[in-house]
Structures are given as C-alpha cells and as structure tokens.
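**Q** The structure file structure_5.txt (compact mmCIF, C-alpha atoms) is provided below.
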```
# COMPACT_ATOMS: atom_id res chain seq x y z
CA MET E 1 53.83 161.92 73.82
CA ASN E 2 50.88 160.83 75.91
CA LYS E 3 49.61 157.37 75.17
CA ARG E 4 45.97 156.57 74.78
CA PRO E 5 44.35 154.66 77.68
CA GLU E 6 43.88 151.60 75.44
CA CYS E 7 47.58 151.63 74.60
CA VAL E 8 48.45 151.79 78.31
CA GLU E 9 46.10 148.88 78.91
CA LEU E 10 47.78 146.96 76.11
CA GLN E 11 51.11 147.32 77.90
CA SER E 12 49.82 145.34 80.88
CA ARG E 13 48.47 142.68 78.50
CA MET E 14 51.85 142.54 76.81
CA VAL E 15 53.56 142.04 80.19
CA GLU E 16 51.55 138.82 80.53
CA PHE E 17 52.02 137.82 76.91
CA PHE E 18 55.80 138.21 76.82
CA SER E 19 56.19 136.39 80.14
CA GLY E 20 54.52 133.36 78.61
CA PRO E 21 56.12 130.64 76.52
CA PRO E 22 57.32 131.74 73.06
CA GLY E 23 55.17 130.76 70.11
CA GLN E 24 51.87 131.09 71.95
CA ALA E 25 48.85 132.46 70.10
CA VAL E 26 48.33 136.21 70.35
CA PRO E 27 45.26 136.85 72.53
CA ALA E 28 42.25 138.35 70.78
CA GLU E 29 42.34 141.52 72.92
CA ILE E 30 45.89 142.27 71.81
CA SER E 31 45.19 141.50 68.13
CA ALA E 32 42.10 143.70 68.16
CA HIS E 33 44.06 146.67 69.49
CA LEU E 34 47.00 146.14 67.17
CA GLU E 35 44.78 146.23 64.10
CA GLY E 36 43.78 149.78 64.82
CA CYS E 37 47.02 151.12 66.32
CA PRO E 38 50.09 151.21 64.06
CA GLU E 39 52.39 152.48 66.85
CA CYS E 40 51.59 149.59 69.14
CA ARG E 41 51.79 147.20 66.18
CA ILE E 42 55.38 148.30 65.51
CA GLU E 43 56.32 147.93 69.17
CA PHE E 44 54.66 144.52 69.41
CA ASP E 45 56.30 143.22 66.23
CA GLN E 46 59.72 144.43 67.32
CA LEU E 47 59.29 142.78 70.73
CA CYS E 48 58.32 139.53 68.99
CA GLN E 49 61.44 139.79 66.83
CA THR E 50 63.54 140.39 69.94
CA VAL E 51 62.14 137.24 71.53
CA ASP E 52 62.75 135.33 68.28
CA MET E 53 66.37 136.43 68.25
CA LEU E 54 66.82 135.29 71.82
CA GLN E 55 65.25 131.95 70.92
CA GLN E 56 67.58 131.59 67.93
CA SER E 57 70.58 132.29 70.11
CA LYS E 58 69.74 129.17 72.10
CA ALA E 59 70.83 127.14 69.10
CA THR E 60 74.31 128.62 69.38
CA VAL E 61 76.56 125.87 70.61
CA THR E 62 78.49 126.71 73.73
CA THR E 63 81.63 124.68 74.11
CA VAL E 64 82.69 123.96 77.63
CA PRO E 65 86.48 123.51 77.83
CA GLU E 66 87.16 119.78 78.01
CA ASN E 67 89.61 120.00 80.87
CA LEU E 68 86.95 121.35 83.23
CA LEU E 69 85.25 118.02 83.90
CA ALA E 70 88.54 116.48 85.01
CA ALA E 71 89.34 119.59 87.05
CA VAL E 72 85.99 119.46 88.82
CA GLU E 73 86.16 115.70 89.41
CA SER E 74 89.62 115.95 90.90
CA ARG E 75 88.24 118.31 93.54
CA LEU E 76 85.15 116.27 94.47
CA ASP E 77 86.85 114.19 97.14
CA ALA E 78 88.18 117.29 98.83
CA THR E 79 84.69 118.84 98.86
CA PRO E 80 82.60 117.35 101.67
CA GLN E 81 78.88 117.23 101.05
CA LEU E 82 76.54 119.06 103.35
CA ARG E 83 73.94 117.24 105.43
CA PRO E 84 70.42 118.60 105.74
CA MET E 85 70.08 120.53 108.95
CA VAL E 86 68.16 118.59 111.58
CA SER E 87 65.47 120.74 113.10
CA ASN E 88 65.41 121.30 116.84
CA ASN E 89 62.03 119.60 116.97
CA GLU E 90 63.41 116.50 115.30
CA VAL E 91 66.33 116.30 117.73
CA ARG E 92 63.99 116.88 120.67
CA ASN E 93 61.65 114.11 119.50
CA LEU E 94 64.56 111.72 119.09
CA LEU E 95 65.78 112.58 122.57
CA ILE E 96 62.34 112.00 124.05
CA VAL E 97 62.04 108.59 122.35
CA GLN E 98 65.57 107.61 123.33
CA TYR E 99 65.33 108.58 126.97
CA SER E 100 61.79 107.22 127.38
CA TYR E 101 63.03 103.89 126.09
CA LEU E 102 65.98 103.93 128.44
CA ALA E 103 63.81 104.93 131.39
CA PHE E 104 61.35 102.15 130.65
CA MET E 105 64.12 99.58 130.35
CA SER E 106 65.67 100.84 133.59
CA VAL E 107 62.41 100.18 135.41
CA VAL E 108 62.17 96.68 133.89
CA ILE E 109 65.75 95.87 134.89
CA TRP E 110 65.28 97.37 138.36
CA VAL E 111 62.23 95.14 139.00
CA THR E 112 64.15 92.11 137.69
CA LEU E 113 67.10 92.85 139.93
CA LEU E 114 64.77 93.28 142.89
CA PHE E 115 63.97 89.61 142.56
CA ALA E 116 67.45 88.44 141.58
CA GLN E 117 69.42 90.23 144.32
CA PRO E 118 68.12 88.13 147.29
CA PHE E 119 69.06 84.92 145.47
CA LEU E 120 72.55 86.24 144.77
CA THR E 121 73.03 87.45 148.34
CA GLY E 122 71.95 84.03 149.62
CA TRP E 123 74.28 82.23 147.18
CA LEU E 124 77.27 84.41 148.16
CA ALA E 125 76.58 83.72 151.85
CA ALA E 126 76.24 79.98 151.25
CA ASN E 127 79.59 79.87 149.44
CA GLY E 128 81.44 82.11 151.87
CA MET E 129 82.00 84.83 149.28
CA GLU E 130 80.42 87.72 151.18
CA SER E 131 82.10 91.10 150.99
CA ALA E 132 83.18 93.05 154.07
CA MET E 133 80.91 95.87 152.82
CA PRO E 134 77.26 95.08 153.64
CA LEU E 135 76.10 97.54 150.93
CA LEU E 136 77.73 95.42 148.22
CA ASN E 137 76.18 92.25 149.61
CA GLU E 138 72.69 93.72 149.69
CA TYR E 139 72.74 95.91 146.54
CA GLY E 140 75.76 94.71 144.53
CA LEU E 141 73.79 93.82 141.40
CA PHE E 142 71.93 97.11 141.42
CA LEU E 143 75.10 99.12 141.82
CA ALA E 144 76.99 97.25 139.10
CA PHE E 145 74.20 97.34 136.55
CA PHE E 146 73.18 100.92 137.13
CA ALA E 147 76.76 102.17 137.08
CA ALA E 148 77.48 100.42 133.77
CA GLY E 149 74.06 101.22 132.34
CA GLY E 150 74.28 104.88 133.30
CA ILE E 151 77.68 105.37 131.75
CA PHE E 152 76.78 103.64 128.51
CA ALA E 153 73.42 105.42 128.30
CA LEU E 154 75.22 108.72 128.52
CA ILE E 155 77.64 107.70 125.80
CA SER E 156 75.18 106.00 123.50
CA SER E 157 72.34 108.52 123.41
CA PRO E 158 74.20 111.27 121.59
CA LEU E 159 75.83 108.67 119.35
CA ILE E 160 72.49 107.14 118.43
CA ILE E 161 70.99 110.52 117.69
CA ARG E 162 73.93 111.50 115.53
CA THR E 163 73.82 108.16 113.74
CA ILE E 164 70.17 108.58 112.89
CA ALA E 165 70.09 112.27 112.16
CA GLN E 166 73.46 113.55 111.06
CA THR E 167 75.61 111.07 109.20
CA SER E 168 78.67 112.88 107.95
CA THR E 169 80.61 111.82 104.85
CA ARG E 170 83.38 110.34 106.97
CA GLU E 171 80.91 108.34 109.02
CA LYS E 172 79.26 107.11 105.84
CA LYS E 173 82.41 105.20 104.88
CA THR E 174 82.17 103.14 108.05
CA GLY E 175 78.41 103.47 108.26
CA PHE E 176 77.66 99.85 109.11
CA LEU E 177 80.34 99.56 111.80
CA TYR E 178 79.31 102.88 113.25
CA ARG E 179 75.66 101.92 113.51
CA LEU E 180 76.60 98.51 114.91
CA PHE E 181 78.76 100.18 117.54
CA SER E 182 76.09 102.63 118.66
CA GLY E 183 73.42 99.92 118.55
CA SER E 184 75.53 97.63 120.72
CA LEU E 185 76.13 100.41 123.20
CA ARG E 186 72.41 101.02 123.43
CA MET E 187 71.70 97.35 124.03
CA PHE E 188 74.39 97.18 126.66
CA ALA E 189 73.15 100.34 128.33
CA CYS E 190 69.67 98.92 128.55
CA MET A 1 66.68 103.08 82.47
CA LYS A 2 67.58 106.74 82.22
CA ARG A 3 67.46 108.53 85.53
CA THR A 4 65.57 111.80 85.84
CA ASP A 5 67.45 114.91 86.90
CA GLU A 6 65.73 114.74 90.29
CA GLN A 7 66.88 111.13 90.77
CA LEU A 8 70.37 112.10 89.65
CA LEU A 9 70.57 114.85 92.27
CA ILE A 10 69.35 112.45 94.95
CA ASP A 11 72.08 110.02 93.89
CA VAL A 12 74.66 112.81 93.88
CA ALA A 13 73.59 113.52 97.46
CA LYS A 14 74.59 109.93 98.28
CA GLY A 15 78.04 110.55 96.84
CA ASP A 16 77.39 108.90 93.45
CA LYS A 17 80.03 110.34 91.10
CA SER A 18 78.51 108.79 87.97
CA ALA A 19 75.27 110.66 88.73
CA PHE A 20 77.29 113.85 89.14
CA ARG A 21 78.93 113.21 85.76
CA GLU A 22 75.47 112.87 84.18
CA ILE A 23 74.35 116.12 85.77
CA TYR A 24 77.52 117.68 84.40
CA GLN A 25 76.81 116.36 80.88
CA ASN A 26 73.19 117.56 81.03
CA TYR A 27 73.82 121.04 82.38
CA SER A 28 77.42 122.07 81.75
CA ALA A 29 76.74 123.84 78.44
CA ALA A 30 73.66 125.67 79.74
CA LEU A 31 75.42 126.70 82.93
CA TYR A 32 78.53 127.81 81.10
CA ARG A 33 76.32 129.97 78.88
CA LEU A 34 74.52 131.35 81.92
CA ILE A 35 77.83 132.24 83.56
CA LYS A 36 79.01 134.00 80.39
CA ARG A 37 75.81 136.01 80.32
CA LEU A 38 75.78 136.92 83.97
CA VAL A 39 79.46 137.39 84.61
CA GLY A 40 80.03 139.48 81.48
CA VAL A 41 81.36 139.11 78.00
CA LYS A 42 85.04 139.65 78.55
CA THR A 43 86.56 137.88 81.44
CA SER A 44 88.81 134.91 81.92
CA ASP A 45 87.03 133.94 85.10
CA TYR A 46 84.31 131.77 83.53
CA ASP A 47 86.19 128.58 84.21
CA GLU A 48 86.77 129.45 87.85
CA VAL A 49 83.13 130.42 88.42
CA PHE A 50 81.95 127.35 86.51
CA GLN A 51 84.06 125.01 88.64
CA GLU A 52 82.82 126.68 91.82
CA ILE A 53 79.22 126.18 90.69
CA MET A 54 79.71 122.51 89.83
CA LEU A 55 81.38 121.90 93.20
CA ARG A 56 78.57 123.79 94.93
CA ILE A 57 76.05 121.48 93.23
CA TRP A 58 78.02 118.49 94.52
CA LYS A 59 78.30 119.95 98.00
CA ASN A 60 74.69 121.13 98.34
CA ALA A 61 73.00 118.17 96.61
CA PRO A 62 71.86 116.69 99.96
CA LEU A 63 69.86 119.88 100.52
CA PHE A 64 67.84 119.35 97.31
CA ASP A 65 64.24 118.43 98.10
CA PRO A 66 62.32 117.05 95.08
CA ASN A 67 59.05 117.97 96.79
CA LYS A 68 59.96 121.64 96.65
CA GLY A 69 60.68 121.94 92.93
CA ARG A 70 62.40 120.67 89.81
CA ALA A 71 66.06 119.76 89.75
CA LYS A 72 66.59 122.20 86.90
CA SER A 73 65.37 125.19 88.88
CA TRP A 74 67.44 124.11 91.91
CA ILE A 75 70.57 123.88 89.76
CA TYR A 76 69.87 127.29 88.24
CA LEU A 77 69.26 128.68 91.72
CA VAL A 78 72.68 127.46 92.87
CA ALA A 79 74.34 128.76 89.70
CA THR A 80 72.64 132.14 89.73
CA ARG A 81 73.38 132.82 93.38
CA ASN A 82 76.98 131.83 92.87
CA CYS A 83 77.31 134.17 89.88
CA LEU A 84 75.68 137.05 91.73
CA ASN A 85 77.93 136.49 94.74
CA TRP A 86 80.94 136.42 92.49
CA LEU A 87 79.86 139.67 90.81
CA GLU A 88 79.26 141.27 94.20
CA THR A 89 82.71 140.24 95.43
CA LYS A 90 84.31 141.47 92.23
CA ARG A 91 82.46 144.77 92.43
CA ASN A 92 83.56 145.30 96.02
CA ARG A 93 87.14 144.48 95.10
CA SER A 94 87.04 146.88 92.14
CA MET A 95 85.57 149.64 94.29
CA ALA A 96 88.26 149.17 96.89
CA ARG A 97 90.94 149.33 94.22
CA GLU A 98 89.32 152.38 92.63
CA THR A 99 89.32 154.16 95.95
CA GLU A 100 92.99 153.33 96.33
CA LEU A 101 94.00 154.55 92.91
CA HIS A 102 91.56 157.51 92.76
CA GLU A 103 90.85 156.75 89.17
CA THR A 104 88.25 154.90 87.19
CA PHE A 105 88.86 151.71 85.33
CA PRO A 106 88.88 151.63 81.57
CA ASP A 107 85.71 150.13 80.15
CA SER A 108 87.05 146.59 80.18
CA GLU A 109 83.68 144.89 80.40
CA LYS A 110 82.62 145.92 76.91
CA PRO A 111 83.36 143.44 74.12
CA GLY A 112 86.53 144.03 72.16
CA PRO A 113 86.57 144.36 68.35
CA GLU A 114 87.67 140.74 67.80
CA GLU A 115 84.81 139.52 69.90
CA ALA A 116 82.39 141.75 67.99
CA VAL A 117 83.49 140.15 64.71
CA PHE A 118 83.19 136.71 66.25
CA ARG A 119 79.66 137.43 67.37
CA SER A 120 78.43 138.84 64.12
CA GLU A 121 75.19 136.89 63.82
CA GLU A 122 71.90 138.53 64.67
CA ALA A 123 71.11 136.12 67.47
CA GLU A 124 74.53 136.59 68.92
CA SER A 125 74.07 140.31 68.89
CA ALA A 126 70.84 139.89 70.86
CA VAL A 127 72.82 138.05 73.49
CA ARG A 128 75.55 140.68 73.36
CA LEU A 129 72.95 143.38 73.88
CA LEU A 130 71.58 141.39 76.78
CA ASP A 131 74.84 142.20 78.54
CA CYS A 132 73.94 145.88 78.39
CA LEU A 133 70.82 145.37 80.50
CA PRO A 134 70.78 146.00 84.24
CA GLU A 135 71.53 142.82 86.18
CA ASP A 136 67.97 142.15 87.41
CA LEU A 137 66.42 142.58 83.95
CA LYS A 138 69.14 140.52 82.29
CA LEU A 139 68.66 137.69 84.75
CA ALA A 140 64.87 137.62 84.34
CA VAL A 141 64.96 137.75 80.54
CA SER A 142 67.68 135.17 80.16
CA LEU A 143 66.19 132.69 82.62
CA ARG A 144 62.79 132.98 80.89
CA HIS A 145 63.68 133.17 77.22
CA LEU A 146 67.05 131.44 77.06
CA ASP A 147 66.77 128.83 79.80
CA ASP A 148 63.00 128.28 79.64
CA LEU A 149 62.38 128.46 83.36
CA SER A 150 58.84 129.19 84.49
CA ILE A 151 57.85 132.49 86.10
CA GLU A 152 57.37 130.67 89.41
CA GLU A 153 60.86 129.19 89.23
CA ILE A 154 62.44 132.53 88.36
CA ALA A 155 60.56 134.13 91.26
CA GLY A 156 62.04 131.45 93.53
CA ILE A 157 65.55 132.03 92.21
CA THR A 158 65.46 135.82 92.30
CA GLN A 159 63.41 135.99 95.52
CA VAL A 160 60.92 138.49 94.12
CA PRO A 161 57.14 138.22 93.50
CA GLU A 162 55.95 136.69 90.23
CA GLY A 163 54.47 140.02 89.12
CA THR A 164 57.88 141.65 89.49
CA VAL A 165 59.46 138.87 87.43
CA LYS A 166 56.93 139.46 84.63
CA SER A 167 57.57 143.20 84.69
CA ARG A 168 61.31 142.66 84.62
CA ILE A 169 61.01 140.35 81.64
CA PHE A 170 58.85 142.83 79.78
CA TYR A 171 60.97 145.89 80.52
CA GLY A 172 64.08 143.86 79.77
CA LEU A 173 62.66 142.94 76.38
CA LYS A 174 61.66 146.55 75.76
CA LYS A 175 65.16 147.75 76.51
CA LEU A 176 66.64 145.03 74.32
CA ARG A 177 64.29 146.03 71.55
CA SER A 178 65.31 149.66 71.83
CA PHE A 179 69.03 148.71 71.80
CA PHE A 180 68.61 146.33 68.92
CA PHE A 181 66.51 148.49 66.66
CA LYS A 182 68.57 151.58 67.48
CA GLU A 183 71.70 149.63 66.66
CA ASN A 184 70.21 148.42 63.40
CA SER A 185 68.99 151.86 62.40
CA HIS A 186 72.63 153.14 62.47
CA GLU A 187 73.76 150.42 60.08
```
Have the structure of the file written as structure tokens, please.
**A**
Amino acid sequence: MNKRPECVELQSRMVEFFSGPPGQAVPAEISAHLEGCPECRIEFDQLCQTVDMLQQSKATVTTVPENLLAAVESRLDATPQLRPMVSNNEVRNLLIVQYSYLAFMSVVIWVTLLFAQPFLTGWLAANGMESAMPLLNEYGLFLAFFAAGGIFALISSPLIIRTIAQTSTREKKTGFLYRLFSGSLRMFAC
Amino acid sequence: MKRTDEQLLIDVAKGDKSAFREIYQNYSAALYRLIKRLVGVKTSDYDEVFQEIMLRIWKNAPLFDPNKGRAKSWIYLVATRNCLNWLETKRNRSMARETELHETFPDSEKPGPEEAVFRSEEAESAVRLLDCLPEDLKLAVSLRHLDDLSIEEIAGITQVPEGTVKSRIFYGLKKLRSFFFKENSHE
C-alpha cells in the first residue's frame, strides 16, 4: 500500500522523536498528523509502547555473580596497564630540548676549561707530575671531561626521555629512584 | 567526597584498585546486562566476556581522556567493542567448524523453554525480542533506550554518523514493534 506524502514525512519526524529521550512531549507537527491519520496513530502508539517496555525492562535487576569481582581482582596484577602513546612530535621536541641543553652546557664547560687548563698544566709542571704524553699535559682536562660527559650524555638522554614520556608500570614502582638516577646522570653529563 | 566516574578512571589509570572497585560497583550490573544482550540469550560465556571487559577497562584506563567524552561512554565503548570482537571470533570459529562438519548447527542461540518461562514479563519479552534484531539495530536501540547514552556517544561507539544512529534506533524500534505486536496477536 502506498503511503501518503504526509505519512512519509511523519516517518522522518518520528526518526527524530524516537531518538530523543523517553517521556519528551510529542511535537505539534506529529500530533497534528496523528489526529487525522488512524494508521499512523496506531503505529505511533505501538512504538511508544515498545519504548515504554524497554524502559520498564531497565528496572529488572541483573545479578552479577559474586565471585566475579574476586576473579577480576586476582588478575589485575598480572594485567599491565597501557601507557598513552607518545607522539613523534612530542619525542622530537623532548630530544631538541635535551640536546640543546647539553650542547649549551658543553660550550659553557668548554670555555671554563679553556681558562682552567693552563693553570692545571702549570701546576703539574711545578710539582713534577707531567705526563710523558704532551697531549695529556696540554688538553688533559678537556679529554677527561668530554669523554665522561659524552658517554653519560648518550646514556642519559634516552633515559630522561623515557622517564618523562613513557613510565611503565614496573618503573612506576621505583619511580623516585629511577628519576633520581636519570637526573643524576644528566647532571654528571653536563 | 564522592569521586566522579571520570576521576575514578583517572585514578584507575594510576593503578588505584579502590577506584577500580568503585567503577566495578557502578557499572558491573549495566555491563553484565549489555553483555547478555549483545552476546545472546543462551550462552555460558557471559562471565568470561565480562571479566575480559573489566580487565580491558583496567588495562586501557590510561588511554581515557576526560576532554574527549564522558567516562560512561568510554566504558561502554570498551565493552561494546569487546563484545563485538568476541562475537566475531565466535562466528569465525563456528563457520570453520561448520565447514569441517558440512552441517549446520542446531538453533542453539534461541532461548530454551525454561528461559521463556523465566522471562515471562512483558518488559522481559521486549528484551528477549531485542535479541532477534540484527546486531547493528540491537546495539543502537539498547544503548539509547536501555543504557541512556546520547546519540553522539552511540555514534562514537559504533563509528557511524549520528543520522545513521537515529535511523538504526527507529528501524530497530519498528522491528521490535512488529515482533511484539505480532507475538501478542497470536496469544
């Protein structure tokens, strides 16, 4: 049976109406059509009853077996929690900050050593402690500091980034020690 | 002071088990009902699916972002996806077994007579009839009219446009109506 155009239009109004919260007032356009169309009235009433029945079924008490809470809780420790993924941009920004800081500190230390090295060389010569290798006498401080600094910078940078961005559950247990360790490495590297 | 569901999920993300217990108390009944509706009326797998969902909530809690939506819709999203995955896996397994045996399964998903007696109330029969709907319609109708999620939230969970959600709800209700009033007319 072909429906009248108004009845077809009512269907689209009913799509909106029945998607809304239950118990809302029937819009005037729908009421007006229903008054003059017994077929649509029956359909509308039956749909309302269907929604009512669904609403009533919410009152039905669902009992969750009591043992399930204990069962779930016993498995929590064995279920590691996920960490939010760190975006590539975030990691890149952290790397830029970290390495810029290290580069800046390297320059500061290099300038400081430039002044300190002549005093040390002079002191070693005055006390008869000169090495047989002239390179060590002239650049010993530079070599020692840059070797140690370089190694620790390499170790600490990934650690620092991981500490900031991706703390796993295992790391969380020793969170303070872990952060202290990576912080100390950074200080030492600088 | 009582914590909101959003705060509870944030605390769960920090490994707070008491917050998880509160989430469990608040949502276990609703989720158990949802599982029963989605997974089917006759299966002994509810408990397994339910446990998987609760553990998934625990595991994924750090991914919850309160700026992106309510805790309730996030929890339903986790539960619904888990149920649908479970159904998909079960369907694949059944198909594989069917191919092996070259025969169809008996209609084991339909409620048995004892269950029909148990669910004799009108409201219960509406829920029973809900099981006869196609999966997408059943999900839309139940999330809207049984779990009171908004259209926007359902669209987020089902990954379809809001207009589609509205249509699914309406056609789901129409089908339910036809089942229900046909069923009643035979009585």
**Q** Give me, as CSV, each residue of chain A that comes within 7 Å of chain E, together with its shortest interatomic pair and the distance in Å at one decimal, counting all atoms listed in the file, with rows ordered by chain and rising residue number.
**A**
```
residue,atom,partner,partner_atom,distance
A:Ser28,CA,E:Val64,CA,7.0
A:Ala29,CA,E:Thr62,CA,5.8
A:Tyr32,CA,E:Val64,CA,6.6
A:Arg33,CA,E:Thr62,CA,6.5
A:Gln51,CA,E:Val72,CA,5.9
A:Leu55,CA,E:Val72,CA,6.8
A:Trp58,CA,E:Gln81,CA,6.7
A:Lys59,CA,E:Gln81,CA,4.1
A:Asn60,CA,E:Leu82,CA,5.7
A:Pro62,CA,E:Arg83,CA,5.9
A:Leu63,CA,E:Pro84,CA,5.4
A:Glu122,CA,E:Met53,CA,6.9
A:Ala123,CA,E:Ser57,CA,4.7
A:Glu124,CA,E:Ser57,CA,6.0
A:Ala126,CA,E:Leu54,CA,6.2
A:Val127,CA,E:Leu54,CA,6.8
A:His145,CA,E:Leu54,CA,6.6
A:Leu146,CA,E:Lys58,CA,6.1
A:Lys166,CA,E:Ser19,CA,5.5
A:Ser167,CA,E:Val15,CA,6.1
A:Ile169,CA,E:Ser19,CA,6.4
A:Phe170,CA,E:Val15,CA,5.4
A:Leu173,CA,E:Leu47,CA,6.6
A:Lys174,CA,E:Leu47,CA,6.7
A:Arg177,CA,E:Thr50,CA,5.9
```
**Q** May I have the residues within 12 Å of Gln159 of chain A as a list of chain:residue names, using all atoms listed in the file and disregarding those fewer than 3 positions away in the same chain?
**A**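 Skipping anything fewer than 3 positions along the chain leaves A:Leu77, A:Thr80, A:Arg81, A:Asp136, A:Ala140, A:Ile151, A:Glu152, A:Glu153, A:Ile154, A:Ala155, A:Gly156, A:Glu162, A:Gly163, A:Thr164, A:Val165.
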**Q** Got time to write the residues from that selection, C-alpha atoms, as a compact mmCIF listing (two decimals), keeping the file's coordinate frame?
**A**
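Contents of the output file part.txt:
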```txt
# COMPACT_ATOMS: atom_id res chain seq x y z
CA LEU A 77 69.26 128.68 91.72
CA THR A 80 72.64 132.14 89.73
CA ARG A 81 73.38 132.82 93.38
CA ASP A 136 67.97 142.15 87.41
CA ALA A 140 64.87 137.62 84.34
CA ILE A 151 57.85 132.49 86.10
CA GLU A 152 57.37 130.67 89.41
CA GLU A 153 60.86 129.19 89.23
CA ILE A 154 62.44 132.53 88.36
CA ALA A 155 60.56 134.13 91.26
CA GLY A 156 62.04 131.45 93.53
CA GLU A 162 55.95 136.69 90.23
CA GLY A 163 54.47 140.02 89.12
CA THR A 164 57.88 141.65 89.49
CA VAL A 165 59.46 138.87 87.43
```
**Q** What is the distance, in Å and to one decimal place, between atom CA of Phe20 of chain A and atom CA of Ile35 of chain A?
**A**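 Value for the atom CA of Phe20 of chain A-atom CA of Ile35 of chain A distance: 19.2 Å.
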**Q** Tell me, in Å to one decimal, how far atom CA of Gln24 of chain E is from atom CA of Leu149 of chain A.
**A** 15.7 Å
**Q** Between atom CA of Trp123 of chain E and atom CA of Leu135 of chain E, what distance in Å does the model show, to one decimal?
**A**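 These atoms are spaced 15.9 Å apart.
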**Q** Can you tell me which residues surround Tyr27 of chain A at a distance of at most 10 Å, considering only C-alpha atoms, apart from same-chain residues fewer than 6 positions away, and format the answer as a PyMOL selection string?
**A** chain A and resi 5+21+33+54+72+75-76
